[in-house]
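Data from structure.pdb: PDB, C-alpha atoms, pLDDT in the B column
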```
ATOM      1  CA  MET R   2       0.000   0.000   0.000  1.00 92.00           C
ATOM      2  CA  GLN R   3       1.092   3.582  -0.477  1.00 94.00           C
ATOM      3  CA  LEU R   4      -0.113   7.059   0.420  1.00 95.00           C
ATOM      4  CA  ALA R   5      -1.661   9.355  -2.173  1.00 96.00           C
ATOM      5  CA  ARG R   6      -3.558  12.604  -2.530  1.00 96.00           C
ATOM      6  CA  VAL R   7      -6.795  12.691  -4.512  1.00 96.00           C
ATOM      7  CA  LEU R   8      -6.412  15.165  -7.363  1.00 96.00           C
ATOM      8  CA  GLY R   9      -9.815  14.813  -8.991  1.00 95.00           C
ATOM      9  CA  THR R  10     -12.365  12.565 -10.580  1.00 95.00           C
ATOM     10  CA  VAL R  11     -12.631  10.713 -13.875  1.00 94.00           C
ATOM     11  CA  VAL R  12     -15.958  10.568 -15.691  1.00 93.00           C
ATOM     12  CA  ALA R  13     -16.377   7.681 -18.123  1.00 92.00           C
ATOM     13  CA  THR R  14     -19.751   6.997 -19.696  1.00 92.00           C
ATOM     14  CA  VAL R  15     -18.798   3.952 -21.700  1.00 92.00           C
ATOM     15  CA  LYS R  16     -17.052   1.474 -19.444  1.00 91.00           C
ATOM     16  CA  CYS R  17     -16.991  -2.124 -18.296  1.00 90.00           C
ATOM     17  CA  GLU R  18     -20.356  -3.092 -16.744  1.00 91.00           C
ATOM     18  CA  SER R  19     -18.834  -4.017 -13.408  1.00 90.00           C
ATOM     19  CA  LEU R  20     -17.349  -0.522 -13.112  1.00 91.00           C
ATOM     20  CA  GLU R  21     -20.803   1.045 -13.193  1.00 91.00           C
ATOM     21  CA  GLY R  22     -21.614   2.971 -10.027  1.00 91.00           C
ATOM     22  CA  ARG R  23     -17.966   3.020  -8.970  1.00 93.00           C
ATOM     23  CA  LYS R  24     -16.144   6.276  -8.339  1.00 94.00           C
ATOM     24  CA  ILE R  25     -12.955   6.649 -10.375  1.00 95.00           C
ATOM     25  CA  LEU R  26     -10.402   9.115  -9.040  1.00 96.00           C
ATOM     26  CA  VAL R  27      -7.063  10.537 -10.141  1.00 97.00           C
ATOM     27  CA  ILE R  28      -4.493  10.180  -7.351  1.00 96.00           C
ATOM     28  CA  GLN R  29      -0.951  11.457  -6.870  1.00 96.00           C
ATOM     29  CA  PRO R  30       1.214   8.922  -4.980  1.00 95.00           C
ATOM     30  CA  LEU R  31       3.078  10.392  -1.976  1.00 94.00           C
ATOM     31  CA  ASP R  32       6.028   9.306   0.149  1.00 91.00           C
ATOM     32  CA  GLY R  33       6.121   9.261   3.957  1.00 88.00           C
ATOM     33  CA  GLN R  34       6.734  13.028   4.171  1.00 90.00           C
ATOM     34  CA  LEU R  35       3.723  13.595   1.886  1.00 91.00           C
ATOM     35  CA  ARG R  36       5.979  14.708  -0.964  1.00 92.00           C
ATOM     36  CA  GLU R  37       4.890  13.740  -4.459  1.00 93.00           C
ATOM     37  CA  SER R  38       6.517  10.563  -5.734  1.00 91.00           C
ATOM     38  CA  GLY R  39       5.870   9.314  -9.237  1.00 91.00           C
ATOM     39  CA  LYS R  40       3.190  10.187 -11.721  1.00 95.00           C
ATOM     40  CA  PRO R  41      -0.536  10.609 -11.059  1.00 96.00           C
ATOM     41  CA  MET R  42      -2.669   7.575 -11.734  1.00 95.00           C
ATOM     42  CA  VAL R  43      -6.254   6.395 -11.849  1.00 96.00           C
ATOM     43  CA  ALA R  44      -7.778   4.465  -8.949  1.00 96.00           C
ATOM     44  CA  VAL R  45     -11.197   3.035  -8.165  1.00 95.00           C
ATOM     45  CA  ASP R  46     -12.625   4.210  -4.843  1.00 95.00           C
ATOM     46  CA  SER R  47     -13.994   1.793  -2.227  1.00 94.00           C
ATOM     47  CA  VAL R  48     -14.333   4.092   0.807  1.00 94.00           C
ATOM     48  CA  GLY R  49     -15.933   7.331  -0.415  1.00 93.00           C
ATOM     49  CA  ALA R  50     -12.817   9.470  -0.752  1.00 93.00           C
ATOM     50  CA  GLY R  51     -13.007  12.954  -2.262  1.00 91.00           C
ATOM     51  CA  LYS R  52     -10.810  15.557  -3.905  1.00 94.00           C
ATOM     52  CA  GLY R  53      -7.955  16.855  -1.725  1.00 94.00           C
ATOM     53  CA  GLU R  54      -8.006  13.997   0.782  1.00 95.00           C
ATOM     54  CA  ILE R  55      -4.953  11.933   1.735  1.00 96.00           C
ATOM     55  CA  VAL R  56      -5.740   8.272   1.140  1.00 96.00           C
ATOM     56  CA  PHE R  57      -3.946   4.960   0.869  1.00 95.00           C
ATOM     57  CA  TRP R  58      -4.290   2.554  -1.989  1.00 95.00           C
ATOM     58  CA  CYS R  59      -3.645  -1.084  -2.728  1.00 93.00           C
ATOM     59  CA  ARG R  60      -2.067  -2.375  -5.931  1.00 92.00           C
ATOM     60  CA  GLY R  61      -2.430  -5.545  -7.972  1.00 90.00           C
ATOM     61  CA  LYS R  62      -5.003  -8.324  -7.921  1.00 89.00           C
ATOM     62  CA  GLU R  63      -5.866  -7.544  -4.303  1.00 90.00           C
ATOM     63  CA  ALA R  64      -7.254  -4.194  -5.450  1.00 92.00           C
ATOM     64  CA  SER R  65     -10.452  -5.875  -6.638  1.00 92.00           C
ATOM     65  CA  PHE R  66     -11.158  -7.653  -3.322  1.00 93.00           C
ATOM     66  CA  PRO R  67     -13.070  -4.806  -1.584  1.00 92.00           C
ATOM     67  CA  PHE R  68     -15.797  -5.153  -4.220  1.00 92.00           C
ATOM     68  CA  MET R  69     -16.285  -8.923  -3.867  1.00 88.00           C
ATOM     69  CA  PRO R  70     -18.402 -10.767  -4.935  1.00 89.00           C
ATOM     70  CA  SER R  71     -18.585  -8.274  -7.800  1.00 90.00           C
ATOM     71  CA  GLU R  72     -15.482  -8.660  -9.959  1.00 90.00           C
ATOM     72  CA  VAL R  73     -14.271  -5.157 -10.682  1.00 92.00           C
ATOM     73  CA  PRO R  74     -11.398  -4.877 -13.176  1.00 93.00           C
ATOM     74  CA  THR R  75      -8.971  -2.702 -11.198  1.00 93.00           C
ATOM     75  CA  ASP R  76      -5.333  -2.961 -10.148  1.00 93.00           C
ATOM     76  CA  CYS R  77      -5.361   0.163  -7.993  1.00 94.00           C
ATOM     77  CA  THR R  78      -8.048   0.789  -5.375  1.00 95.00           C
ATOM     78  CA  ILE R  79      -8.348   3.358  -2.609  1.00 96.00           C
ATOM     79  CA  VAL R  80      -8.861   1.339   0.588  1.00 95.00           C
ATOM     80  CA  GLY R  81      -8.683   3.985   3.326  1.00 95.00           C
ATOM     81  CA  ILE R  82      -8.825   7.684   4.130  1.00 96.00           C
ATOM     82  CA  VAL R  83      -5.896   8.871   6.238  1.00 96.00           C
ATOM     83  CA  ASP R  84      -6.658  10.951   9.353  1.00 95.00           C
ATOM     84  CA  SER R  85      -3.033  11.490  10.344  1.00 94.00           C
ATOM     85  CA  VAL R  86       0.495  10.359   9.497  1.00 94.00           C
ATOM     86  CA  ASN R  87       2.921  10.088  12.443  1.00 93.00           C
ATOM     87  CA  MET R  88       6.568   9.976  11.373  1.00 89.00           C
ATOM     88  CA  GLU R  89       9.689   9.726  13.547  1.00 82.00           C
ATOM     89  CA  GLN R  90      11.689  12.960  13.720  1.00 71.00           C
TER
ATOM     90  CA  MET H   7       9.605  -8.055 -47.913  1.00 39.00           C
ATOM     91  CA  ASN H   8      11.203  -4.967 -46.461  1.00 42.00           C
ATOM     92  CA  PHE H   9       8.368  -4.631 -44.013  1.00 42.00           C
ATOM     93  CA  GLY H  10       8.838  -8.250 -43.050  1.00 39.00           C
ATOM     94  CA  ILE H  11      12.492  -7.672 -42.242  1.00 39.00           C
ATOM     95  CA  LEU H  12      11.649  -4.449 -40.429  1.00 41.00           C
ATOM     96  CA  ASP H  13       8.975  -6.162 -38.373  1.00 43.00           C
ATOM     97  CA  PHE H  14      11.272  -8.996 -37.493  1.00 44.00           C
ATOM     98  CA  GLY H  15      14.087  -6.587 -36.631  1.00 43.00           C
ATOM     99  CA  LEU H  16      11.848  -4.441 -34.478  1.00 45.00           C
ATOM    100  CA  GLY H  17      10.308  -7.448 -32.761  1.00 44.00           C
ATOM    101  CA  GLY H  18      13.733  -8.898 -32.063  1.00 45.00           C
ATOM    102  CA  SER H  19      15.097  -5.671 -30.618  1.00 46.00           C
ATOM    103  CA  LEU H  20      12.015  -5.167 -28.466  1.00 45.00           C
ATOM    104  CA  LEU H  21      12.393  -8.663 -27.111  1.00 44.00           C
ATOM    105  CA  ARG H  22      16.044  -8.026 -26.346  1.00 45.00           C
ATOM    106  CA  LEU H  23      15.202  -4.731 -24.662  1.00 45.00           C
ATOM    107  CA  ASN H  24      12.550  -6.442 -22.600  1.00 46.00           C
ATOM    108  CA  LEU H  25      14.870  -9.224 -21.489  1.00 44.00           C
ATOM    109  CA  GLN H  26      17.560  -6.682 -20.688  1.00 45.00           C
ATOM    110  CA  SER H  27      15.255  -4.564 -18.567  1.00 45.00           C
ATOM    111  CA  LYS H  28      14.251  -7.643 -16.578  1.00 44.00           C
ATOM    112  CA  ILE H  29      17.860  -8.534 -15.939  1.00 46.00           C
ATOM    113  CA  GLN H  30      18.815  -4.953 -15.071  1.00 50.00           C
ATOM    114  CA  ASN H  31      15.863  -4.494 -12.749  1.00 51.00           C
ATOM    115  CA  PRO H  32      15.696  -7.673 -10.669  1.00 54.00           C
ATOM    116  CA  LYS H  33      13.955  -5.774  -7.854  1.00 55.00           C
ATOM    117  CA  SER H  34      10.711  -5.796  -9.799  1.00 58.00           C
ATOM    118  CA  LYS H  35      10.279  -9.492  -8.931  1.00 65.00           C
ATOM    119  CA  ILE H  36      11.403  -9.365  -5.314  1.00 68.00           C
ATOM    120  CA  VAL H  37       8.491  -9.897  -2.946  1.00 86.00           C
ATOM    121  CA  MET H  38      10.253 -10.000   0.438  1.00 92.00           C
ATOM    122  CA  ILE H  39      12.256  -6.935   1.338  1.00 93.00           C
ATOM    123  CA  LEU H  40      14.073  -5.404   4.280  1.00 95.00           C
ATOM    124  CA  ALA H  41      12.657  -2.156   5.617  1.00 96.00           C
ATOM    125  CA  ARG H  42      12.799   0.162   8.605  1.00 96.00           C
ATOM    126  CA  VAL H  43       9.641   1.256  10.387  1.00 96.00           C
ATOM    127  CA  VAL H  44       9.496   5.063  10.359  1.00 95.00           C
ATOM    128  CA  GLY H  45       5.966   5.851  11.468  1.00 94.00           C
ATOM    129  CA  ASN H  46       2.336   4.917  11.447  1.00 94.00           C
ATOM    130  CA  ILE H  47      -0.911   6.235  10.061  1.00 94.00           C
ATOM    131  CA  VAL H  48      -4.372   6.590  11.549  1.00 95.00           C
ATOM    132  CA  ALA H  49      -7.388   5.966   9.330  1.00 94.00           C
ATOM    133  CA  THR H  50     -10.989   5.819  10.529  1.00 93.00           C
ATOM    134  CA  GLN H  51     -12.644   5.278   7.171  1.00 93.00           C
ATOM    135  CA  LYS H  52     -11.110   2.139   5.693  1.00 92.00           C
ATOM    136  CA  ASP H  53     -11.847  -1.248   4.189  1.00 91.00           C
ATOM    137  CA  HIS H  54     -13.412  -3.449   6.910  1.00 91.00           C
ATOM    138  CA  ARG H  55     -10.613  -6.009   6.687  1.00 90.00           C
ATOM    139  CA  TYR H  56      -8.164  -3.378   8.003  1.00 90.00           C
ATOM    140  CA  GLU H  57     -10.080  -2.933  11.246  1.00 90.00           C
ATOM    141  CA  GLY H  58      -7.994  -3.713  14.324  1.00 90.00           C
ATOM    142  CA  ALA H  59      -4.775  -3.784  12.305  1.00 92.00           C
ATOM    143  CA  ARG H  60      -1.845  -1.404  12.675  1.00 94.00           C
ATOM    144  CA  ILE H  61      -0.800   0.357   9.491  1.00 95.00           C
ATOM    145  CA  LEU H  62       2.878   1.301   9.596  1.00 96.00           C
ATOM    146  CA  VAL H  63       4.984   3.478   7.308  1.00 96.00           C
ATOM    147  CA  VAL H  64       8.119   1.554   6.277  1.00 96.00           C
ATOM    148  CA  ARG H  65      11.189   2.689   4.346  1.00 95.00           C
ATOM    149  CA  PRO H  66      12.773  -0.030   2.164  1.00 95.00           C
ATOM    150  CA  ILE H  67      16.491  -0.426   2.946  1.00 94.00           C
ATOM    151  CA  GLU H  68      19.546  -2.176   1.529  1.00 91.00           C
ATOM    152  CA  THR H  69      21.501  -4.661   3.642  1.00 88.00           C
ATOM    153  CA  ASP H  70      23.812  -1.789   4.725  1.00 88.00           C
ATOM    154  CA  GLY H  71      20.874   0.265   5.988  1.00 88.00           C
ATOM    155  CA  SER H  72      20.742   2.835   3.170  1.00 91.00           C
ATOM    156  CA  GLN H  73      17.383   3.759   1.709  1.00 91.00           C
ATOM    157  CA  ALA H  74      16.295   1.555  -1.208  1.00 90.00           C
ATOM    158  CA  GLY H  75      13.028   3.120  -2.284  1.00 88.00           C
ATOM    159  CA  GLU H  76      10.070   5.306  -1.440  1.00 91.00           C
ATOM    160  CA  GLU H  77       8.258   4.856   1.861  1.00 93.00           C
ATOM    161  CA  MET H  78       5.287   2.542   1.677  1.00 94.00           C
ATOM    162  CA  LEU H  79       2.608   1.238   4.013  1.00 95.00           C
ATOM    163  CA  ALA H  80       2.494  -2.261   5.463  1.00 95.00           C
ATOM    164  CA  LEU H  81       0.169  -3.954   7.916  1.00 95.00           C
ATOM    165  CA  ASP H  82       1.802  -5.174  11.101  1.00 95.00           C
ATOM    166  CA  SER H  83       1.518  -8.827  12.139  1.00 92.00           C
ATOM    167  CA  VAL H  84       4.421  -9.074  14.603  1.00 94.00           C
ATOM    168  CA  ASP H  85       4.116  -6.012  16.901  1.00 93.00           C
ATOM    169  CA  ALA H  86       6.889  -4.066  15.203  1.00 94.00           C
ATOM    170  CA  GLY H  87       7.580  -0.498  16.311  1.00 92.00           C
ATOM    171  CA  VAL H  88       9.181   2.679  15.019  1.00 94.00           C
ATOM    172  CA  GLY H  89      12.942   2.171  14.533  1.00 94.00           C
ATOM    173  CA  ASP H  90      12.737  -1.596  14.029  1.00 94.00           C
ATOM    174  CA  THR H  91      14.270  -3.240  10.980  1.00 95.00           C
ATOM    175  CA  VAL H  92      11.654  -5.592   9.600  1.00 96.00           C
ATOM    176  CA  VAL H  93      10.931  -8.081   6.831  1.00 96.00           C
ATOM    177  CA  VAL H  94       8.092  -6.969   4.573  1.00 96.00           C
ATOM    178  CA  VAL H  95       6.307  -9.325   2.206  1.00 95.00           C
ATOM    179  CA  ARG H  96       4.902  -7.609  -0.871  1.00 93.00           C
ATOM    180  CA  GLU H  97       2.495 -10.234  -2.131  1.00 91.00           C
ATOM    181  CA  GLY H  98      -1.224 -10.209  -1.527  1.00 89.00           C
ATOM    182  CA  TRP H  99      -2.054 -13.736  -0.392  1.00 91.00           C
ATOM    183  CA  SER H 100       0.804 -13.901   2.105  1.00 92.00           C
ATOM    184  CA  ALA H 101       0.319 -10.340   3.352  1.00 92.00           C
ATOM    185  CA  SER H 102      -3.386 -10.821   3.851  1.00 93.00           C
ATOM    186  CA  THR H 103      -2.998 -14.177   5.601  1.00 93.00           C
ATOM    187  CA  ALA H 104      -0.189 -12.957   7.865  1.00 92.00           C
ATOM    188  CA  SER H 105      -1.902  -9.765   9.002  1.00 91.00           C
ATOM    189  CA  THR H 106      -5.584 -10.726   9.159  1.00 92.00           C
ATOM    190  CA  GLY H 107      -5.515 -14.500   9.489  1.00 91.00           C
ATOM    191  CA  SER H 108      -7.197 -15.269   6.180  1.00 90.00           C
ATOM    192  CA  PRO H 109      -6.549 -14.507   2.504  1.00 90.00           C
ATOM    193  CA  GLY H 110      -8.732 -12.404   0.249  1.00 89.00           C
ATOM    194  CA  ALA H 111      -8.284  -8.964   1.810  1.00 91.00           C
ATOM    195  CA  ALA H 112      -7.221  -5.887  -0.143  1.00 92.00           C
ATOM    196  CA  ILE H 113      -3.763  -5.881   1.425  1.00 93.00           C
ATOM    197  CA  ASP H 114      -0.598  -6.010  -0.686  1.00 92.00           C
ATOM    198  CA  SER H 115       2.161  -5.758   1.929  1.00 94.00           C
ATOM    199  CA  ALA H 116       2.644  -6.900   5.517  1.00 95.00           C
ATOM    200  CA  ILE H 117       5.406  -6.942   8.105  1.00 96.00           C
ATOM    201  CA  VAL H 118       6.155 -10.582   8.843  1.00 95.00           C
ATOM    202  CA  GLY H 119       9.304 -10.397  10.957  1.00 95.00           C
ATOM    203  CA  VAL H 120      11.483  -8.165  13.118  1.00 96.00           C
ATOM    204  CA  VAL H 121      15.171  -8.386  12.209  1.00 95.00           C
ATOM    205  CA  ASP H 122      17.649  -8.941  15.056  1.00 94.00           C
ATOM    206  CA  VAL H 123      20.844  -9.061  13.026  1.00 91.00           C
ATOM    207  CA  ILE H 124      21.866  -9.294   9.389  1.00 89.00           C
ATOM    208  CA  ASP H 125      24.934 -11.522   8.930  1.00 88.00           C
ATOM    209  CA  PHE H 126      25.936 -10.879   5.379  1.00 81.00           C
ATOM    210  CA  GLU H 127      28.952 -11.218   3.103  1.00 83.00           C
ATOM    211  CA  ARG H 128      29.178 -10.017  -0.468  1.00 75.00           C
TER
END
```
Could you rewrite the structure in this file as structure tokens?
Amino acid sequence: MQLARVLGTVVATVKCESLEGRKILVIQPLDGQLRESGKPMVAVDSVGAGKGEIVFWCRGKEASFPFMPSEVPTDCTIVGIVDSVNMEQ
Amino acid sequence: MNFGILDFGLGGSLLRLNLQSKIQNPKSKIVMILARVVGNIVATQKDHRYEGARILVVRPIETDGSQAGEEMLALDSVDAGVGDTVVVVREGWSASTASTGSPGAAIDSAIVGVVDVIDFER
């Protein structure tokens, strides 16, 4: 899993049937100090995240598990909204 | 005919490039890594399988302790704390089973061991 900031939403009218009703967001991956790391990417939301929030996301096959038994074709899903990050000094 | 040769040439070089990149970047296949715990996060709104679990921020390290990648999150299954050197598994089935007791959760990395000492010779 990795931290990310939600940059915005993606609207897609024509899409895979199992993606219908799912929120698709653009996220910017972050490192532990909340600095940007890597390029923005598209993630499916499973927790009701919104623009500007710090979230964490899961990659790979496991990304589709929050939607079980529906099989959603995703390899990047937002699985939590971060309240706070506590780092050692 | 020319196109045929071109296609073949291009295909061959792509294949070579691909093989080369796999050899030059062996880390892409590594699923157990060393890391140092540097913090934790608090999240109220999260997937229900994460409830009761500790989500730690870990920094991948080399065997000499230098940083080896961007910080990532991992679920704790061994009561690791900030400052500990740990073993992180980056594969879903193992991570999910280790940290929640059963597979099938949306978890892609978990801490599965606290490192006491690394005895290592190059």
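We find atom CA of Leu79 of chain H and atom CA of Gln90 of chain R to be spaced 17.7 Å apart.
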Which residues are near segment 67-78 of chain R? Cut-off 7 Å, only C-alpha atoms, ignore same chain within fewer than 3 positions. Put them as a ChimeraX atom specification. /R:19-20,44-47,58-62,64 /H:53,112
Can you check which parts of chain R lie within 9 Å of chain H? Per residue, the shortest pair of atoms and distance in Å to one decimal, counting all atoms listed in the file, sorted by chain and number, as a tab-separated table.
```
residue	atom	partner	partner_atom	distance
R:Met2	CA	H:Leu79	CA	4.9
R:Gln3	CA	H:Met78	CA	4.8
R:Leu4	CA	H:Met78	CA	7.2
R:Leu31	CA	H:Glu77	CA	8.5
R:Asp32	CA	H:Glu77	CA	5.3
R:Gly33	CA	H:Glu77	CA	5.3
R:Gln34	CA	H:Glu77	CA	8.6
R:Ser38	CA	H:Glu76	CA	7.7
R:Ser47	CA	H:Asp53	CA	7.4
R:Val48	CA	H:Lys52	CA	6.2
R:Gly49	CA	H:Gln51	CA	8.5
R:Ala50	CA	H:Gln51	CA	9.0
R:Val56	CA	H:Ala49	CA	8.7
R:Phe57	CA	H:Leu79	CA	8.2
R:Cys59	CA	H:Asp114	CA	6.1
R:Arg60	CA	H:Asp114	CA	6.5
R:Gly61	CA	H:Asp114	CA	7.5
R:Lys62	CA	H:Gly98	CA	7.7
R:Glu63	CA	H:Ala112	CA	4.7
R:Ala64	CA	H:Ala112	CA	5.6
R:Ser65	CA	H:Ala112	CA	7.3
R:Phe66	CA	H:Ala112	CA	5.4
R:Pro67	CA	H:Ala112	CA	6.1
R:Thr78	CA	H:Ala112	CA	8.5
R:Ile79	CA	H:Lys52	CA	8.8
R:Val80	CA	H:Asp53	CA	5.3
R:Gly81	CA	H:Lys52	CA	3.9
R:Ile82	CA	H:Gln51	CA	5.4
R:Val83	CA	H:Ala49	CA	4.5
R:Asp84	CA	H:Ala49	CA	5.0
R:Ser85	CA	H:Val48	CA	5.2
R:Val86	CA	H:Ile47	CA	4.4
R:Asn87	CA	H:Asn46	CA	5.3
R:Met88	CA	H:Gly45	CA	4.2
R:Glu89	CA	H:Val44	CA	5.7
R:Gln90	CA	H:Val44	CA	8.9
```
For the atom pair atom CA of Val123 of chain H and atom CA of Val95 of chain H, what is the interatomic distance in Å to one decimal place? 18.1 Å
Taking the file as shown, find all residues satisfying the PyMOL selection byres ((chain R and resi 13) around 12) and write them as a PyMOL selection string. chain R and resi 10-12+14-18+20-26+43
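Reported to one decimal place, the separation of atom CA of Val84 of chain H from atom CA of Ala41 of chain H is 14.0 Å.
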Selection under test: the PyMOL selection byres ((chain H and resi 126) around 12); residues as a PyMOL selection string: chain H and resi 68-70+123-125+127-128
